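Remarks on the structure that follows.
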Amino acid sequence: MMCPPKPDGIRASIIGSLAMIGIVLLLETVGLAQRTVQKGGGVEGFRELRWGTSIEQSSKIYQDLHFEKYVISGSKEEPRKVYVRTVEHGEIEDVTFDSIEYWFKGDHFYKISAVLHSRIGPRTLDTQAENAFDKINGRLRTRYGDPSDHKVDYVTEYIVVVRKATWIVDHSAVSIKYEGVGRSNEDSLTLTMQEKPTR
């Protein structure tokens, strides 16, 4: 014949069960927080290069990095130095770009610019660049939410559509710009990631 459980045993059993439920809920909360941080993770540079890395250090990290050109952005500012890699992995956000440029202000890495060119046809009006804009736009919206700036312009002379979206992520800005087909029957997508200027 079984004896009824003692009150102390029941209390210990209830406390143990509540403790287990509490631990499970705590682990779920921590896991959700970690997933949220990973989903909207910050942008501190591009691949192995962090914003502010010197040219010398960048050349040690990427030994195929070499000088390409100077770009003058303003009469009162020093020219920007643009570098490219000879063995570049052109894929960003599951899109393969034709070129990726590494921009330096003085000796300070601050920006990359990736460009994809495409053409209409022969059997479709959709282009690779336009599809890539939609793809990256969707991925960045999922990761960072709605862009801080989004606009669509129409250049009426050739009916060129220009679509642009920008996200401010921590101390960085990520922009995508689609320039539609014009007289040349070509369009382009430009992805820019850069250190947000301090004011």
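Naming scheme: A, B, ... for chains in displayed order of the structure tokens; residues 1 onward per chain; ligands 1 onward as shown.
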Excluding range 93-103 of chain A and residues on its chain fewer than 3 positions from it, collect all residues at most 8 Å away from it, counting only C-alpha atoms, and give them as a PDB file with C-alpha atoms, in the first residue's frame.
ATOM      1  CA  ARG A  80      40.821  59.834 -52.763  1.00  0.00           C
ATOM      2  CA  LYS A  81      43.002  56.799 -53.437  1.00  0.00           C
ATOM      3  CA  VAL A  82      41.200  53.878 -55.053  1.00  0.00           C
ATOM      4  CA  TYR A  83      42.597  50.369 -54.861  1.00  0.00           C
ATOM      5  CA  VAL A  84      41.436  47.096 -56.408  1.00  0.00           C
ATOM      6  CA  ARG A  85      42.337  43.455 -55.907  1.00  0.00           C
ATOM      7  CA  GLU A  88      38.767  39.539 -56.016  1.00  0.00           C
ATOM      8  CA  GLY A  90      33.114  39.532 -56.501  1.00  0.00           C
ATOM      9  CA  PHE A 109      40.108  52.950 -45.457  1.00  0.00           C
ATOM     10  CA  TYR A 110      36.557  54.306 -45.457  1.00  0.00           C
ATOM     11  CA  LYS A 111      34.516  52.913 -48.363  1.00  0.00           C
ATOM     12  CA  ILE A 112      33.941  50.208 -50.944  1.00  0.00           C
ATOM     13  CA  SER A 113      32.059  50.591 -54.187  1.00  0.00           C
ATOM     14  CA  ALA A 114      30.861  47.528 -56.115  1.00  0.00           C
ATOM     15  CA  VAL A 115      29.380  47.797 -59.626  1.00  0.00           C
ATOM     16  CA  LEU A 116      27.370  45.371 -61.757  1.00  0.00           C
ATOM     17  CA  HIS A 117      26.581  46.129 -65.432  1.00  0.00           C
ATOM     18  CA  ALA A 132      20.021  42.165 -58.138  1.00  0.00           C
ATOM     19  CA  ILE A 136      19.716  43.041 -52.137  1.00  0.00           C
ATOM     20  CA  ARG A 139      17.868  41.165 -47.867  1.00  0.00           C
TER      21      ARG A 139
END
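Nearest to Gln57 in chain A of all the residues A:Gly180, A:His108, A:His150, A:Ile92 is A:His108, based on only C-alpha atoms.
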Problem set entry | Those of range 84-134 of chain A in DSSP alpha helix (DSSP H), formatted as number ranges by chain | A: 128-134
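The spacing separating CA of Lys135 in chain A from CA of Tyr62 in chain A amounts to 28.4 Å.
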Can you pull out the residues contacting Asp64 in chain A? Cut-off 8 Å, using only C-alpha atoms, and skip same-chain residues under 3 positions away; I want them as a CSV table (one decimal) with N, CA and C atoms, in the first residue's frame.
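Saved to around_5.csv:
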chain,number,residue,atom,x,y,z
A,59,SER,N,47.3,46.2,-47.3
A,59,SER,CA,48.2,45.4,-48.3
A,59,SER,C,48.7,44.2,-47.7
A,85,ARG,N,41.6,44.7,-56.1
A,85,ARG,CA,42.3,43.5,-55.9
A,85,ARG,C,42.4,42.7,-57.2
A,86,THR,N,43.5,42.0,-57.5
A,86,THR,CA,43.7,41.3,-58.7
A,86,THR,C,42.9,39.9,-58.6
A,87,VAL,N,42.8,39.4,-57.4
A,87,VAL,CA,42.1,38.1,-57.2
A,87,VAL,C,40.9,38.4,-56.3
